[in-house]
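**Student:** Input structure: model27.txt, which contains compact mmCIF, C-alpha atoms.
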```
# COMPACT_ATOMS: atom_id res chain seq x y z
CA MET W 867 5.36 26.01 -6.16
CA SER W 868 7.25 24.37 -3.31
CA ASP W 869 8.15 25.59 0.17
CA VAL W 870 5.07 27.75 0.41
CA GLN W 871 3.18 28.14 3.66
CA TYR W 872 -0.61 28.41 3.69
CA LYS W 873 -2.13 30.36 6.58
CA VAL W 874 -5.72 31.24 7.36
CA ALA W 875 -6.07 34.63 9.05
CA LYS W 876 -9.04 35.03 11.41
CA THR W 877 -8.86 38.80 11.77
CA VAL W 878 -7.73 41.73 9.67
CA ARG W 879 -5.00 42.56 12.20
CA GLU W 880 -3.71 38.99 12.08
CA ALA W 881 -3.57 39.11 8.27
CA ALA W 882 -1.62 42.37 8.37
CA SER W 883 0.80 40.95 10.97
CA LEU W 884 1.37 37.86 8.84
CA MET W 885 2.04 40.08 5.82
CA LEU W 886 4.59 42.11 7.77
CA ALA W 887 6.29 39.00 9.14
CA ALA W 888 6.55 37.56 5.61
CA LYS W 889 8.94 40.41 4.72
CA GLY W 890 7.70 40.98 1.22
CA LYS W 891 7.20 37.28 0.49
CA GLY W 892 3.57 37.27 1.63
CA ARG W 893 0.60 37.18 -0.73
CA ILE W 894 -3.03 37.69 0.19
CA LEU W 895 -5.35 34.96 -1.12
CA ALA W 896 -8.89 36.16 -1.76
CA GLY W 897 -10.31 34.54 -4.91
CA GLY W 898 -6.89 33.50 -6.19
CA THR W 899 -7.84 34.09 -9.82
CA ASP W 900 -4.77 36.27 -10.30
CA LEU W 901 -2.50 34.82 -7.61
CA LEU W 902 -2.70 31.17 -8.68
CA VAL W 903 -2.18 32.04 -12.34
CA GLN W 904 0.85 34.16 -11.41
CA MET W 905 2.28 31.39 -9.23
CA LYS W 906 1.84 28.78 -11.97
CA SER W 907 3.52 30.98 -14.55
CA GLY W 908 6.43 31.68 -12.20
CA MET W 909 5.67 35.40 -12.06
CA VAL W 910 5.48 35.28 -8.26
CA ALA W 911 6.87 32.80 -5.73
CA PRO W 912 5.32 33.64 -2.37
CA GLY W 913 6.75 32.32 0.88
CA VAL W 914 3.45 32.65 2.71
CA ILE W 915 -0.06 32.61 1.29
CA ILE W 916 -2.51 34.32 3.64
CA ASP W 917 -6.13 33.28 3.09
CA VAL W 918 -8.45 36.10 4.21
CA LYS W 919 -11.79 34.49 3.35
CA LYS W 920 -12.51 33.54 6.98
CA ILE W 921 -12.51 37.20 7.97
CA PRO W 922 -16.15 38.38 8.01
CA GLU W 923 -15.26 42.06 7.50
CA MET W 924 -13.47 41.17 4.28
CA THR W 925 -16.20 38.95 2.82
CA THR W 926 -19.44 40.78 3.51
CA ILE W 927 -21.35 43.76 2.15
CA THR W 928 -22.82 46.15 4.71
CA GLU W 929 -24.95 49.26 4.34
CA THR W 930 -24.84 52.19 6.74
CA LYS W 931 -27.03 55.23 6.08
CA GLY W 932 -27.05 54.53 2.36
CA SER W 933 -23.31 53.98 2.10
CA PHE W 934 -22.17 50.51 1.06
CA LYS W 935 -19.00 48.85 2.32
CA ILE W 936 -17.84 45.91 0.23
CA GLY W 937 -15.40 43.52 1.90
CA ALA W 938 -12.28 43.35 -0.29
CA ALA W 939 -12.47 39.55 -0.68
CA THR W 940 -16.22 39.34 -1.41
CA PRO W 941 -16.66 37.24 -4.57
CA ALA W 942 -17.94 39.12 -7.62
CA ALA W 943 -20.88 36.72 -7.90
CA VAL W 944 -22.00 37.62 -4.37
CA ILE W 945 -21.74 41.31 -5.23
CA GLY W 946 -23.86 40.73 -8.34
CA GLU W 947 -26.56 39.02 -6.28
CA HIS W 948 -26.89 41.95 -3.84
CA LYS W 949 -30.11 43.52 -5.11
CA LYS W 950 -29.92 46.82 -3.27
CA LEU W 951 -26.27 47.41 -4.11
CA LYS W 952 -27.01 46.64 -7.75
CA LYS W 953 -29.97 49.02 -7.77
CA THR W 954 -27.94 51.81 -6.15
CA TRP W 955 -24.67 51.34 -8.07
CA PRO W 956 -25.55 49.45 -11.28
CA GLY W 957 -22.40 50.70 -13.04
CA VAL W 958 -20.07 49.53 -10.29
CA VAL W 959 -21.75 46.13 -10.08
CA GLU W 960 -21.79 45.58 -13.84
CA ALA W 961 -18.10 46.51 -14.01
CA ILE W 962 -17.25 43.98 -11.29
CA ASN W 963 -19.43 41.37 -13.01
CA LEU W 964 -17.49 41.81 -16.27
CA ILE W 965 -14.35 40.29 -14.76
CA GLY W 966 -13.82 36.85 -16.29
CA SER W 967 -16.22 33.93 -16.63
CA THR W 968 -18.97 32.62 -14.33
CA GLN W 969 -16.33 30.41 -12.71
CA VAL W 970 -13.99 33.36 -12.17
CA GLN W 971 -16.89 35.43 -10.82
CA GLY W 972 -17.42 32.77 -8.17
CA ARG W 973 -14.03 33.63 -6.68
CA ALA W 974 -12.62 36.93 -8.00
CA SER W 975 -13.04 40.01 -5.79
CA ALA W 976 -13.05 43.77 -6.22
CA GLY W 977 -10.20 44.04 -3.72
CA GLY W 978 -8.17 41.60 -5.78
CA ASN W 979 -8.93 43.44 -9.00
CA LEU W 980 -7.70 46.63 -7.35
CA CYS W 981 -4.53 45.07 -5.87
CA ASN W 982 -3.63 43.37 -9.16
CA ALA W 983 -3.23 46.98 -10.32
CA SER W 984 -3.82 46.34 -14.00
CA PRO W 985 -4.42 49.59 -15.90
CA ALA W 986 -7.22 47.68 -17.68
CA ALA W 987 -8.93 46.38 -14.51
CA ASP W 988 -12.66 46.52 -15.24
CA SER W 989 -13.95 47.37 -11.78
CA VAL W 990 -11.61 50.28 -11.13
CA PRO W 991 -12.87 53.01 -13.55
CA ALA W 992 -16.40 52.46 -12.21
CA LEU W 993 -15.13 52.64 -8.61
CA VAL W 994 -13.19 55.81 -9.43
CA ALA W 995 -16.31 57.39 -10.95
CA ALA W 996 -18.27 56.33 -7.88
CA GLY W 997 -15.82 58.06 -5.55
CA ALA W 998 -15.01 54.82 -3.74
CA VAL W 999 -12.65 54.91 -0.78
CA VAL W 1000 -10.23 52.09 0.01
CA THR W 1001 -9.76 51.05 3.64
CA ILE W 1002 -6.27 49.76 4.33
CA GLN W 1003 -5.10 47.95 7.46
CA GLY W 1004 -1.46 48.18 8.44
CA PRO W 1005 0.33 46.36 11.24
CA LYS W 1006 -0.74 49.08 13.68
CA THR W 1007 -3.15 51.51 12.09
CA ARG W 1008 -5.85 51.88 9.50
CA ARG W 1009 -5.95 54.46 6.76
CA GLN W 1010 -8.23 55.37 3.90
CA VAL W 1011 -7.35 56.49 0.40
CA PRO W 1012 -9.44 57.45 -2.66
CA VAL W 1013 -9.45 54.53 -5.09
CA GLU W 1014 -7.79 56.58 -7.87
CA LYS W 1015 -4.74 57.13 -5.65
CA PHE W 1016 -4.25 53.43 -4.85
CA ALA W 1017 -2.27 52.09 -7.82
CA ALA W 1018 1.30 53.22 -8.46
CA GLY W 1019 1.73 51.73 -11.94
CA PRO W 1020 1.04 48.52 -13.85
CA GLY W 1021 1.07 45.74 -11.23
CA LYS W 1022 2.23 48.14 -8.53
CA THR W 1023 0.29 49.54 -5.58
CA THR W 1024 0.96 52.15 -2.92
CA LEU W 1025 0.56 49.57 -0.12
CA LYS W 1026 3.38 49.70 2.43
CA PRO W 1027 4.92 46.62 4.06
CA GLY W 1028 2.35 44.83 6.19
CA GLU W 1029 -0.61 46.68 4.69
CA ILE W 1030 -3.65 44.95 3.21
CA VAL W 1031 -6.85 46.18 1.58
CA VAL W 1032 -9.84 45.54 3.84
CA SER W 1033 -12.83 47.04 2.05
CA LEU W 1034 -14.16 49.49 -0.49
CA THR W 1035 -16.70 52.08 0.60
CA LEU W 1036 -19.20 53.68 -1.77
CA PRO W 1037 -20.74 56.97 -0.61
CA ALA W 1038 -24.47 57.39 0.00
CA ARG W 1039 -26.42 58.29 -3.15
CA PRO W 1040 -28.66 61.33 -3.43
CA ARG W 1041 -31.87 61.13 -5.45
CA GLY W 1042 -31.43 61.39 -9.19
CA ALA W 1043 -28.09 59.60 -9.29
CA GLY W 1044 -26.95 57.07 -11.87
CA ASP W 1045 -23.75 55.37 -12.98
CA ALA W 1046 -22.50 53.20 -15.82
CA TYR W 1047 -19.39 51.38 -16.99
CA LEU W 1048 -18.58 50.48 -20.57
CA ARG W 1049 -15.52 48.78 -21.95
CA LEU W 1050 -14.49 48.19 -25.52
CA ILE W 1051 -13.38 44.68 -26.38
CA PRO W 1052 -13.25 43.09 -29.83
CA ARG W 1053 -15.55 40.26 -28.75
CA THR W 1054 -18.63 40.00 -26.56
CA GLU W 1055 -17.23 38.41 -23.40
CA MET W 1056 -14.09 37.30 -21.56
CA ASP W 1057 -11.53 39.80 -22.79
CA ILE W 1058 -9.30 42.59 -21.54
CA ALA W 1059 -10.51 46.16 -22.02
CA VAL W 1060 -8.99 48.18 -24.87
CA VAL W 1061 -10.51 51.17 -23.08
CA GLY W 1062 -12.86 51.21 -20.08
CA CYS W 1063 -14.95 54.19 -18.96
CA GLY W 1064 -16.98 54.69 -15.80
CA VAL W 1065 -19.35 57.63 -15.36
CA SER W 1066 -21.29 58.63 -12.26
CA LEU W 1067 -23.82 61.48 -12.40
CA VAL W 1068 -26.24 63.28 -10.15
CA MET W 1069 -29.08 64.97 -12.02
CA LYS W 1070 -31.46 67.67 -10.80
CA GLY W 1071 -34.20 67.85 -13.39
CA ASP W 1072 -32.41 68.22 -16.73
CA THR W 1073 -29.24 69.56 -15.19
CA CYS W 1074 -26.22 67.53 -14.18
CA VAL W 1075 -25.16 68.79 -10.75
CA SER W 1076 -22.27 66.43 -10.18
CA ALA W 1077 -20.19 64.12 -12.41
CA ARG W 1078 -17.15 61.93 -12.06
CA VAL W 1079 -15.38 60.04 -14.83
CA GLY W 1080 -12.91 57.15 -14.53
CA LEU W 1081 -10.87 55.90 -17.50
CA GLY W 1082 -9.07 52.57 -17.76
CA ALA W 1083 -6.46 51.07 -20.10
CA VAL W 1084 -5.28 54.46 -21.36
CA ALA W 1085 -2.48 55.19 -18.87
CA PRO W 1086 -0.21 53.32 -16.42
CA THR W 1087 -2.99 53.54 -13.82
CA VAL W 1088 -6.74 54.06 -14.00
CA LEU W 1089 -7.43 57.79 -14.22
CA LEU W 1090 -9.89 60.13 -12.59
CA VAL W 1091 -10.58 62.63 -15.38
CA GLU W 1092 -11.55 65.70 -13.40
CA ALA W 1093 -11.79 67.90 -16.48
CA ALA W 1094 -14.42 65.59 -17.98
CA GLY W 1095 -16.49 65.66 -14.80
CA LYS W 1096 -16.22 69.46 -14.75
CA ALA W 1097 -17.36 69.71 -18.37
CA LEU W 1098 -20.52 67.75 -17.58
CA THR W 1099 -21.30 69.43 -14.25
CA GLY W 1100 -23.74 72.32 -14.57
CA SER W 1101 -24.72 71.32 -18.10
CA LYS W 1102 -27.87 69.70 -19.49
CA LEU W 1103 -25.60 67.04 -20.99
CA ASP W 1104 -26.04 68.75 -24.37
CA ASP W 1105 -23.73 68.19 -27.33
CA ALA W 1106 -21.37 71.00 -26.35
CA ALA W 1107 -20.89 69.58 -22.85
CA LEU W 1108 -20.48 66.03 -24.19
CA ASP W 1109 -17.94 67.23 -26.77
CA ALA W 1110 -15.96 69.03 -24.07
CA ALA W 1111 -16.04 65.99 -21.77
CA ALA W 1112 -15.10 63.59 -24.59
CA ASN W 1113 -12.20 65.86 -25.56
CA ALA W 1114 -11.09 65.99 -21.93
CA CYS W 1115 -11.06 62.17 -21.85
CA SER W 1116 -9.01 61.97 -25.03
CA ALA W 1117 -6.63 64.64 -23.72
CA ALA W 1118 -6.09 62.66 -20.51
CA CYS W 1119 -5.02 59.52 -22.39
CA ARG W 1120 -1.40 58.42 -22.23
CA PRO W 1121 -1.88 54.91 -23.63
CA ILE W 1122 0.48 52.34 -25.06
CA ASP W 1123 0.43 50.83 -28.53
CA ASP W 1124 -0.16 47.10 -28.27
CA LYS W 1125 -1.99 44.23 -29.93
CA ARG W 1126 -5.27 45.35 -28.36
CA GLY W 1127 -5.21 48.87 -29.71
CA THR W 1128 -3.06 51.71 -30.97
CA ILE W 1129 -2.48 54.98 -29.16
CA ARG W 1130 -4.65 56.82 -31.70
CA TYR W 1131 -7.48 54.32 -31.46
CA ARG W 1132 -7.55 54.23 -27.66
CA THR W 1133 -7.46 58.03 -27.49
CA LYS W 1134 -10.46 58.32 -29.79
CA ILE W 1135 -12.42 55.51 -28.15
CA ALA W 1136 -12.03 57.09 -24.71
CA GLY W 1137 -14.23 59.97 -25.89
CA VAL W 1138 -16.71 57.64 -27.60
CA LEU W 1139 -17.19 55.55 -24.47
CA LEU W 1140 -17.59 58.69 -22.35
CA ARG W 1141 -20.58 59.74 -24.47
CA ARG W 1142 -22.19 56.30 -24.37
CA ALA W 1143 -21.62 55.72 -20.66
CA THR W 1144 -22.93 59.20 -19.86
CA ALA W 1145 -26.14 58.45 -21.78
CA ILE W 1146 -26.70 55.25 -19.76
CA ALA W 1147 -25.86 56.94 -16.45
CA ARG W 1148 -28.30 59.75 -17.27
CA ASP W 1149 -31.08 57.28 -18.09
CA ARG W 1150 -30.46 55.50 -14.83
CA ALA W 1151 -30.50 58.78 -12.93
CA ASN W 1152 -33.92 59.31 -14.52
CA GLY W 1153 -35.12 55.89 -13.42
CA ILE W 1154 -34.75 54.14 -16.79
CA SER W 1155 -33.01 50.81 -16.32
CA HIS W 1156 -30.43 49.30 -18.65
CA GLN W 1157 -29.47 45.64 -18.79
CA ALA W 1158 -25.80 44.69 -18.85
CA HIS W 1159 -26.16 42.22 -21.73
CA MET C 303 7.42 21.18 4.20
CA ALA C 304 4.71 19.60 6.32
CA LYS C 305 1.62 18.47 4.50
CA ILE C 306 -1.74 19.95 5.40
CA HIS C 307 -4.56 17.75 6.65
CA VAL C 308 -7.88 18.77 5.10
CA THR C 309 -11.35 17.61 6.15
CA THR C 310 -14.01 18.25 3.56
CA THR C 311 -17.15 16.83 1.94
CA ILE C 312 -16.97 15.66 -1.66
CA ASN C 313 -20.20 14.67 -3.40
CA GLY C 314 -21.84 14.25 -0.02
CA ALA C 315 -19.16 11.95 1.38
CA PRO C 316 -16.99 13.10 4.30
CA THR C 317 -13.44 13.06 2.92
CA GLU C 318 -9.99 13.66 4.36
CA PHE C 319 -6.76 14.19 2.48
CA LEU C 320 -3.19 15.38 2.90
CA CYS C 321 -1.87 17.98 0.49
CA GLU C 322 0.98 20.36 -0.16
CA PRO C 323 0.12 24.00 0.68
CA SER C 324 0.36 25.03 -2.97
CA GLN C 325 -1.40 22.03 -4.49
CA THR C 326 -4.58 22.89 -6.35
CA LEU C 327 -7.93 21.30 -5.58
CA LEU C 328 -7.94 19.90 -9.12
CA ASP C 329 -4.62 18.12 -8.52
CA VAL C 330 -5.88 16.61 -5.28
CA LEU C 331 -9.17 15.49 -6.84
CA ARG C 332 -7.38 13.79 -9.71
CA ASP C 333 -4.09 12.60 -8.23
CA ASN C 334 -4.83 11.99 -4.54
CA LEU C 335 -8.49 11.01 -4.64
CA GLY C 336 -8.73 9.38 -8.08
CA LEU C 337 -11.62 11.60 -9.16
CA THR C 338 -10.40 12.07 -12.71
CA GLY C 339 -13.69 13.32 -14.17
CA SER C 340 -12.61 16.94 -13.68
CA LYS C 341 -10.11 17.71 -16.45
CA GLU C 342 -7.14 20.01 -16.66
CA GLY C 343 -7.31 21.97 -19.89
CA CYS C 344 -5.48 25.26 -19.43
CA GLY C 345 -4.68 25.34 -15.71
CA SER C 346 -5.32 29.08 -15.69
CA GLY C 347 -9.08 29.43 -15.31
CA ASP C 348 -9.81 30.03 -18.98
CA CYS C 349 -11.30 26.74 -20.20
CA GLY C 350 -13.64 25.53 -17.45
CA ALA C 351 -12.83 21.82 -17.93
CA CYS C 352 -12.07 21.58 -14.19
CA SER C 353 -15.39 23.15 -13.10
CA VAL C 354 -16.72 22.06 -9.71
CA THR C 355 -18.97 23.72 -7.17
CA ILE C 356 -17.78 24.71 -3.70
CA ASP C 357 -20.62 25.42 -1.28
CA GLY C 358 -22.89 25.71 -4.32
CA ARG C 359 -20.70 28.23 -6.14
CA LEU C 360 -19.31 27.34 -9.59
CA VAL C 361 -15.51 27.66 -9.71
CA CYS C 362 -12.47 26.41 -11.61
CA SER C 363 -10.80 23.85 -9.34
CA CYS C 364 -7.44 24.63 -10.97
CA LEU C 365 -7.62 28.09 -9.37
CA VAL C 366 -8.50 26.83 -5.88
CA LEU C 367 -5.83 25.74 -3.41
CA ALA C 368 -6.62 22.34 -1.95
CA PRO C 369 -6.35 23.59 1.67
CA GLU C 370 -9.19 26.00 0.89
CA ALA C 371 -11.54 23.00 0.72
CA GLU C 372 -11.36 22.68 4.52
CA GLY C 373 -14.91 22.50 5.86
CA ALA C 374 -16.44 23.06 2.42
CA LYS C 375 -18.92 21.06 0.36
CA VAL C 376 -17.39 20.18 -3.00
CA GLU C 377 -19.47 18.75 -5.85
CA THR C 378 -17.73 17.23 -8.87
CA ILE C 379 -18.94 15.51 -12.04
CA GLU C 380 -18.66 12.17 -10.23
CA GLY C 381 -21.57 13.18 -8.00
CA MET C 382 -23.90 14.06 -10.84
CA ALA C 383 -25.33 10.63 -11.68
CA LYS C 384 -27.04 8.79 -8.84
CA GLY C 385 -25.65 5.28 -9.22
CA ASP C 386 -26.66 4.16 -12.71
CA LYS C 387 -29.23 6.91 -13.03
CA LEU C 388 -27.88 9.73 -15.14
CA HIS C 389 -28.72 13.36 -14.45
CA PRO C 390 -31.17 14.78 -17.05
CA LEU C 391 -28.36 16.93 -18.45
CA GLN C 392 -26.13 13.88 -18.91
CA LYS C 393 -28.94 12.00 -20.67
CA LYS C 394 -29.70 14.95 -22.92
CA PHE C 395 -26.04 15.52 -23.84
CA ILE C 396 -25.90 11.89 -25.03
CA GLU C 397 -29.26 12.04 -26.79
CA MET C 398 -28.43 15.24 -28.66
CA ALA C 399 -24.76 14.37 -29.25
CA ALA C 400 -23.72 17.48 -27.35
CA LEU C 401 -20.16 16.24 -27.16
CA GLN C 402 -17.43 15.15 -29.49
CA CYS C 403 -14.08 14.35 -27.89
CA GLY C 404 -15.60 14.73 -24.41
CA ILE C 405 -12.79 16.54 -22.60
CA CYS C 406 -14.89 19.64 -21.98
CA THR C 407 -18.06 17.68 -21.16
CA PRO C 408 -17.68 17.27 -17.37
CA GLY C 409 -17.08 21.02 -17.04
CA PHE C 410 -20.05 21.88 -19.25
CA LEU C 411 -22.31 19.53 -17.28
CA VAL C 412 -21.27 20.87 -13.87
CA ALA C 413 -21.59 24.47 -15.10
CA SER C 414 -24.97 23.83 -16.77
CA ARG C 415 -26.33 22.21 -13.63
CA ALA C 416 -25.24 25.23 -11.59
CA LEU C 417 -27.14 27.47 -14.03
CA LEU C 418 -30.35 25.42 -13.99
CA GLU C 419 -30.32 25.30 -10.19
CA ARG C 420 -30.51 29.10 -10.20
CA ASN C 421 -32.63 29.66 -13.27
CA ASN C 422 -34.87 26.99 -14.78
CA ASN C 423 -35.92 29.24 -17.65
CA PRO C 424 -32.74 30.73 -19.11
CA THR C 425 -32.71 32.37 -22.52
CA GLU C 426 -30.24 31.18 -25.12
CA THR C 427 -28.23 34.37 -24.52
CA GLU C 428 -28.15 33.77 -20.77
CA ILE C 429 -26.90 30.21 -21.34
CA ARG C 430 -24.20 31.41 -23.73
CA PHE C 431 -22.96 34.02 -21.27
CA TRP C 432 -23.11 31.61 -18.32
CA LEU C 433 -21.10 29.02 -20.26
CA ALA C 434 -18.64 31.52 -21.78
CA GLY C 435 -15.98 30.19 -19.40
CA ASN C 436 -16.31 26.65 -20.76
CA LEU C 437 -14.37 26.09 -23.95
CA CYS C 438 -15.10 23.28 -26.41
CA ARG C 439 -12.26 22.95 -28.89
CA CYS C 440 -14.37 20.66 -31.07
CA THR C 441 -16.70 23.70 -31.15
CA GLY C 442 -19.85 21.75 -30.43
CA TYR C 443 -21.42 24.78 -28.79
CA ASP C 444 -24.79 24.81 -30.57
CA LYS C 445 -25.66 21.28 -29.56
CA ILE C 446 -24.60 21.96 -25.98
CA ILE C 447 -26.68 25.14 -25.76
CA HIS C 448 -29.72 23.40 -27.23
CA ALA C 449 -29.33 20.46 -24.87
CA VAL C 450 -29.38 22.84 -21.90
CA LEU C 451 -32.45 24.65 -23.30
CA ASP C 452 -34.22 21.30 -23.74
CA VAL C 453 -33.42 20.11 -20.21
CA ALA C 454 -34.62 23.41 -18.77
CA ALA C 455 -37.92 23.02 -20.63
CA GLU C 456 -38.30 19.44 -19.36
CA MET C 457 -37.53 20.53 -15.80
CA ARG C 458 -40.21 23.20 -15.99
CA GLU C 459 -42.68 20.63 -17.35
CA THR C 460 -41.87 18.19 -14.53
CA ALA C 461 -42.18 20.93 -11.91
CA LYS C 462 -45.76 21.70 -13.01
```
How would this structure read if it were set down as structure tokens?

**Tutor:**
Amino acid sequence: MSDVQYKVAKTVREAASLMLAAKGKGRILAGGTDLLVQMKSGMVAPGVIIDVKKIPEMTTITETKGSFKIGAATPAAVIGEHKKLKKTWPGVVEAINLIGSTQVQGRASAGGNLCNASPAADSVPALVAAGAVVTIQGPKTRRQVPVEKFAAGPGKTTLKPGEIVVSLTLPARPRGAGDAYLRLIPRTEMDIAVVGCGVSLVMKGDTCVSARVGLGAVAPTVLLVEAAGKALTGSKLDDAALDAAANACSAACRPIDDKRGTIRYRTKIAGVLLRRATAIARDRANGISHQAH
Amino acid sequence: MAKIHVTTTINGAPTEFLCEPSQTLLDVLRDNLGLTGSKEGCGSGDCGACSVTIDGRLVCSCLVLAPEAEGAKVETIEGMAKGDKLHPLQKKFIEMAALQCGICTPGFLVASRALLERNNNPTETEIRFWLAGNLCRCTGYDKIIHAVLDVAAEMRETAK
């Protein structure tokens, strides 16, 4: 880890300029819980480390007309302590709060989890279900992209040279909305998802009027399963609709076989988690709260 | 490569140090400042032996770059006892033998204090989840959890 420069960016534009000037050797430092591990293991050898934690826009949570904007470098612990955000998007917040230990939560960010581009990233399926939008700053201009279009493959993003992630925006919630994220791990804490499933619903009485489903760890990137959302929308979340949505989740899976789970197992579990997460999201839409642990 | 000059506060004392850009806070605490209470177990944020707080937030100092400490308030295990007077958690860990080899102990103490500062009435489950990032390879977890429960009860009694 020698010959590295450490720079503190004061503005988003400055951070983007530094990234561009680093010519591919720049790395953004938010919480560092991925970056430092990767540097120590020799996976990456940055020329310039750009600390973005002094940029207010990247480290704060703001609400405008019911829509929340989460600065990309906001620590997970800070996100978990935001009462109104947690009440509005309990699934998104519990997904972010599943990343690592208390110590990791003190530093790790949703923007970092997204940019690390792991197919098993816990926050991403919940953000996909929520319809989150990523704000990206380039050297000259800003652009926005739906969160499900951000990753290009394991460890790879669609960011262009000099681009950095600034924030994640969650849309305003209508009445009767609820979301949930569930992951399967073989233990109770501190593990990587075998499958992760985020569900976001809007209910009108007994009927689901809108649904989005995000699936993690079953493909090279986190998936938006549109067919599952469609199967739930317009239904009373009865067995037939849940079967159709679970089947759509399983059909969308293109997983790998590894020590965490086989292709067959992951494909089956995707449907199981869809049912369970939908039940929690529906309860929340109906005002029944669920605790994470 | 030029070294970076960092001005920070460690355990209440204004502190300055020079570091390499890629040096971790843990390395500076141990090697530059002689504060060897924080331990390096894994070096990858899994074991919690290097736990410190930065501006009140519990973190692994092995995953913090030393230059990031600029302007921050860092609390380490060395700041826990006031002179000869041990913190209630330190006393209780000794009393209940909540340690064996002791390598994980500074991390557990710093992490437990951070919990009790936020929540003086945690359930056993809450303590276990909070401390899930602190590994004890002697597996003395039960005694540690019970020590924290006991201290919390004493703190509530004192606060009455």

**Student:** Which residue is closest to chain C? Choose from W:Val914, W:Ala882, W:Ala1094, W:Leu1081 and count only C-alpha atoms.

**Tutor:** W:Val914

**Student:** I want to know what sits within 9 Å of stretch 870-872 of chain W, based on only C-alpha atoms, with residues of the same chain fewer than 6 positions away left out; could you give that as a ChimeraX atom specification?

**Tutor:** /W:911-917 /C:303,306,322-324,369

**Student:** Between W:Val903, W:Ala974, W:Leu993, W:Leu886, single out the one closest to chain C, counting all atoms listed in the file.

**Tutor:** W:Val903

**Student:** Only residues of chain C matter here; which ones have an atom within 7 Å of chain W, counting all atoms listed in the file? Give them as a PyMOL selection string.

**Tutor:** chain C and resi 303+323-324+346+359-362+365-366+432+434-435

**Student:** Deliver the residues from the most recent selection as a file, using C-alpha atoms, as a short mmCIF file (atom, residue, chain, number, x, y, z; two decimals), in the coordinates of the input.

**Tutor:**
```
data_model
loop_
_atom_site.label_atom_id
_atom_site.label_comp_id
_atom_site.auth_asym_id
_atom_site.auth_seq_id
_atom_site.Cartn_x
_atom_site.Cartn_y
_atom_site.Cartn_z
CA MET C 303 7.42 21.18 4.20
CA PRO C 323 0.12 24.00 0.68
CA SER C 324 0.36 25.03 -2.97
CA SER C 346 -5.32 29.08 -15.69
CA ARG C 359 -20.70 28.23 -6.14
CA LEU C 360 -19.31 27.34 -9.59
CA VAL C 361 -15.51 27.66 -9.71
CA CYS C 362 -12.47 26.41 -11.61
CA LEU C 365 -7.62 28.09 -9.37
CA VAL C 366 -8.50 26.83 -5.88
CA TRP C 432 -23.11 31.61 -18.32
CA ALA C 434 -18.64 31.52 -21.78
CA GLY C 435 -15.98 30.19 -19.40
#
```

**Student:** Using all atoms listed in the file, which residues sit within 9 Å of W:Trp955 once same-chain residues fewer than 2 positions away are excluded, as a list in words?

**Tutor:**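 Contacts, with the query itself left out: Lys950, Leu951, Lys952, Lys953, Gly957, Val958, Val959, Glu960, Ala996, Leu1036, Arg1039, Gly1044, Asp1045 and Ala1046 of chain W.
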
**Student:** List the neighbours of C:Gln402 out to 12 Å using all atoms listed in the file; skip same-chain residues closer than 2 positions along the sequence, and give me the result as a PyMOL selection string.

**Tutor:** chain C and resi 395-396+398-400+404-407+438-443+445-446

**Student:** Near W:Val1084, within 10 Å and counting only C-alpha atoms, which residues show up once chain neighbours fewer than 4 positions away are dropped, as a list in words?

**Tutor:**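 In the requested form, the answer reads Pro985, Ala986, Ala1059, Val1060, Val1061, Gly1062, Cys1063, Val1088, Leu1089, Cys1115, Ser1116, Ala1118, Cys1119, Arg1120, Pro1121, Ile1122, Asp1123, Ile1129, Arg1132, Thr1133, Ile1135 and Ala1136 of chain W.
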
**Student:** Quick check, in Å to one decimal: how far apart do atom CA of W:Lys891 and atom CA of C:Ala374 lie?

**Tutor:**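 Between atom CA of W:Lys891 and atom CA of C:Ala374 the gap is 27.7 Å.
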
**Student:** Name the closest residue to W:Arg1142 among the candidates W:Ala1017, W:Val1065, W:Ala976, W:Val910; distances are taken between atoms, counting all atoms listed in the file.

**Tutor:**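 Smallest separation from W:Arg1142 among the options: W:Val1065.
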
**Student:** From the list C:Thr338, C:Thr326, C:Thr311, C:Asn423, which residue is nearest C:Ile379 when using all atoms listed in the file?

**Tutor:** C:Thr338

**Student:** One decimal, in Å: what's the spacing between atom CA of W:Ser1155 and atom CA of W:Ile927?

**Tutor:**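 Interatomic distance here is 23.0 Å.
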
**Student:** Do you have the atom CA of W:Val990-atom CA of W:Ala1043 distance handy?

**Tutor:** 19.0 Å
